[in-house]
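Structure first, then comments.
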Amino acid sequence: MSNVYLGYHFTIEPKELGSEILIAELGELPFESFVESEFGVTAYIQKQLWTESILEEVFVLNSPQFTISYTIEEIDQVNWNEEWEKNFDPIDVDGKCHVRAPFHPKTNAEFDIIIEPKMSFGTGHHETTHMMIQHLLDMDVLNMKTLDMGCGTAILAILAEMKGAQPIDAIDIDNWCYLNSIENAERNNCQQITVYEGDASLLVDQKYDLIIANINRNILLNDMQRYVACMNSKGVLLLSGFYEEDIPFIDASCTDKGLTFVKKLQRNNWVSLKYVN
């Protein structure tokens, strides 16, 4: 018997920040897939896991900063590929890196990455992922021992391997991300990526030449000491997942620990920073 799903179609204003917060909160509940739409996001949950009070603890729905409404649709078996085919366009980053789903045709891009997209963050659509790809495209990472922290779909670890980084550790606290990262590494024939389920507490006695952390401001600030402790001399730290107004806090944390600022990228109000040890 096929699973019956409920699709919550959320309309969100302002969309970008509201969608990110809503997905983060729903991700703590039994919602298992998210598809960005023109006006917000659609979240899917198996009907058997649904309760009438499921949204009661979703604080962003009652936040005065956002206007959020939704409709609910019952769906017999969701075909995720079909959903994504409707909503997922291939990504082109600077003409060098092409991120596509398995159902998209291959292009002549230097770096062709196939991601089985079941969530919208980590596909390259989000500004933070796009900027991190730009940082990696701009770097020589040959033979750099690399950490992709909060790896999501492992898209950044995959690109790092394609550019010659090795070995690569990819870590995510979310079980779905852990499993999806393993799938995507295999799908792109990666040999150097090892995926772990967990958080920064796994970083014991590790040393890296390159650390990639695309998470959020609070986690970055909380874990920054662990990242810096894991960096080799002249190691590189790439950070994203926060806004222009967060830069003073991130920068103070990095410089207080001896890192040197190198470069800033910005897309809309999202930023990405590069530091060296």
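Every chain in the structure tokens takes a letter, A first, then B, and so on in the order presented; its residues are numbered from 1, and the ligands are numbered from 1 following the presented order.
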
Using only C-alpha atoms, which protein or nucleic acid residues come within 12 Å of stretch 109-115 of chain A? Drop anything in the same chain fewer than 4 positions from it, and give the result as an mmCIF file with C-alpha atoms, in the first residue's frame.
data_model
loop_
_atom_site.group_PDB
_atom_site.id
_atom_site.type_symbol
_atom_site.label_atom_id
_atom_site.label_comp_id
_atom_site.auth_asym_id
_atom_site.auth_seq_id
_atom_site.Cartn_x
_atom_site.Cartn_y
_atom_site.Cartn_z
ATOM 1 C CA ASN A 81 11.316 13.428 -9.169
ATOM 2 C CA TRP A 84 11.350 18.495 -8.543
ATOM 3 C CA PHE A 88 14.037 22.417 -9.973
ATOM 4 C CA ASP A 89 15.971 24.192 -12.704
ATOM 5 C CA PRO A 90 19.628 23.355 -13.353
ATOM 6 C CA ILE A 91 22.085 25.787 -11.758
ATOM 7 C CA ASP A 92 24.932 27.402 -13.656
ATOM 8 C CA VAL A 93 27.631 28.977 -11.475
ATOM 9 C CA ASP A 94 29.900 31.301 -13.449
ATOM 10 C CA GLY A 95 29.748 29.039 -16.505
ATOM 11 C CA LYS A 96 32.110 26.581 -14.779
ATOM 12 C CA CYS A 97 29.903 24.498 -12.506
ATOM 13 C CA HIS A 98 26.594 22.957 -13.490
ATOM 14 C CA VAL A 99 24.341 21.479 -10.801
ATOM 15 C CA ARG A 100 21.510 19.345 -12.096
ATOM 16 C CA ALA A 101 19.103 16.609 -11.151
ATOM 17 C CA PRO A 102 19.457 13.134 -12.742
ATOM 18 C CA PHE A 103 16.610 13.940 -15.138
ATOM 19 C CA HIS A 104 18.412 16.985 -16.598
ATOM 20 C CA PRO A 105 20.698 16.573 -19.646
ATOM 21 C CA MET A 119 15.110 19.476 -0.192
ATOM 22 C CA SER A 120 15.672 22.935 -1.582
ATOM 23 C CA PHE A 121 18.753 23.907 0.436
ATOM 24 C CA GLY A 122 22.024 22.461 -0.754
ATOM 25 C CA THR A 123 21.101 22.282 -4.425
ATOM 26 C CA GLY A 124 22.873 25.474 -5.455
ATOM 27 C CA HIS A 125 19.645 27.436 -5.692
ATOM 28 C CA ILE A 133 30.628 27.074 -4.987
ATOM 29 C CA LEU A 136 35.735 26.723 -4.401
ATOM 30 C CA LEU A 137 35.842 27.475 -8.132
ATOM 31 C CA GLY A 152 23.414 18.907 3.476
ATOM 32 C CA THR A 153 23.461 17.202 0.068
ATOM 33 C CA ALA A 154 27.318 17.034 0.037
ATOM 34 C CA ILE A 155 27.344 19.281 -3.030
ATOM 35 C CA LEU A 156 30.367 21.245 -1.748
ATOM 36 C CA ALA A 157 32.306 18.107 -0.793
ATOM 37 C CA ILE A 158 31.595 16.701 -4.273
ATOM 38 C CA LEU A 159 32.884 19.845 -5.992
ATOM 39 C CA ALA A 160 35.961 19.855 -3.734
ATOM 40 C CA GLU A 161 36.761 16.275 -4.793
ATOM 41 C CA MET A 162 36.218 17.126 -8.448
ATOM 42 C CA LYS A 163 38.812 19.870 -7.985
ATOM 43 C CA GLY A 164 41.328 17.473 -6.431
ATOM 44 C CA ASN A 180 21.414 11.764 0.969
ATOM 45 C CA SER A 181 25.085 12.831 1.072
ATOM 46 C CA ILE A 182 26.180 9.197 0.796
ATOM 47 C CA GLU A 183 23.834 8.728 -2.187
ATOM 48 C CA ASN A 184 25.045 11.876 -3.924
ATOM 49 C CA ALA A 185 28.734 11.061 -3.375
ATOM 50 C CA GLU A 186 28.146 7.650 -4.968
ATOM 51 C CA ARG A 187 26.072 9.186 -7.769
ATOM 52 C CA ASN A 188 29.001 11.449 -8.689
ATOM 53 C CA ASN A 189 31.529 8.567 -8.457
ATOM 54 C CA CYS A 190 33.359 10.186 -5.545
#

At a cut-off of 12 Å, can you tabulate as JSON lines every residue of stretch 180-241 of chain A near stretch 8-32 of chain A together with its closest atom pair and the distance in Å to one decimal, using only C-alpha atoms and ordering rows by chain then number?
{"residue": "A:Ile215", "atom": "CA", "partner": "A:Ala24", "partner_atom": "CA", "distance": 11.2}
{"residue": "A:Asn216", "atom": "CA", "partner": "A:Glu20", "partner_atom": "CA", "distance": 10.6}
{"residue": "A:Gly241", "atom": "CA", "partner": "A:Glu20", "partner_atom": "CA", "distance": 10.3}

Using DSSP secondary structure from the backbone, list all strand (DSSP E or B) positions within stretch 33-243 of chain A, as a ChimeraX atom specification. /A:33-36,40-46,67-76,91-93,97-100,111-114,146-149,168-172,193-197,208-214,231-243

I'd like the neighbourhood of stretch 251-258 of chain A as number ranges by chain, where a residue qualifies if any of its atoms comes within 9 Å (using only C-alpha atoms), though same-chain residues fewer than 5 positions away should be ignored. A: 221, 224-225, 228, 246, 273, 275-277

Atoms kept (N, CA, C and O atoms) for selection, written as a tab-separated table (two decimals), in the first residue's frame:
chain	number	residue	atom	x	y	z
A	221	LEU	N	29.09	30.43	15.37
A	221	LEU	CA	29.71	31.07	16.53
A	221	LEU	C	29.96	30.06	17.64
A	221	LEU	O	31.00	30.10	18.31
A	224	MET	N	32.97	27.73	16.36
A	224	MET	CA	34.14	28.33	15.71
A	224	MET	C	35.46	27.87	16.34
A	224	MET	O	36.44	27.61	15.63
A	225	GLN	N	35.50	27.75	17.66
A	225	GLN	CA	36.73	27.33	18.32
A	225	GLN	C	37.16	25.94	17.86
A	225	GLN	O	38.35	25.68	17.65
A	228	VAL	N	38.67	26.24	14.28
A	228	VAL	CA	40.01	26.82	14.27
A	228	VAL	C	41.03	25.82	14.84
A	228	VAL	O	42.15	25.70	14.33
A	246	ASP	N	25.21	40.15	10.18
A	246	ASP	CA	25.87	39.20	11.09
A	246	ASP	C	27.40	39.27	11.00
A	246	ASP	O	28.09	38.68	11.84
A	273	LEU	N	32.15	34.43	3.72
A	273	LEU	CA	33.46	34.99	4.08
A	273	LEU	C	34.53	33.92	3.98
A	273	LEU	O	34.29	32.75	4.28
A	275	TYR	N	38.51	33.04	5.28
A	275	TYR	CA	39.58	33.36	6.22
A	275	TYR	C	40.73	32.38	6.05
A	275	TYR	O	40.52	31.25	5.58
A	276	VAL	N	41.94	32.81	6.43
A	276	VAL	CA	43.08	31.90	6.46
A	276	VAL	C	43.70	31.90	7.84
A	276	VAL	O	43.60	32.88	8.58
A	277	ASN	N	44.34	30.80	8.17
A	277	ASN	CA	44.97	30.63	9.47
A	277	ASN	C	46.36	31.24	9.45
A	277	ASN	O	47.10	31.04	8.49

DSSP alpha helix (DSSP H) residues within stretch 140-242 of chain A, as a ChimeraX atom specification: /A:155-162,175-187,217-229

Would you pick out the contacts of stretch 230-240 of chain A at 7 Å or less, using only C-alpha atoms, so that residues sharing its chain but fewer than 6 positions from it are not included, and give the list as number ranges by chain? A: 128, 206-215, 271-277
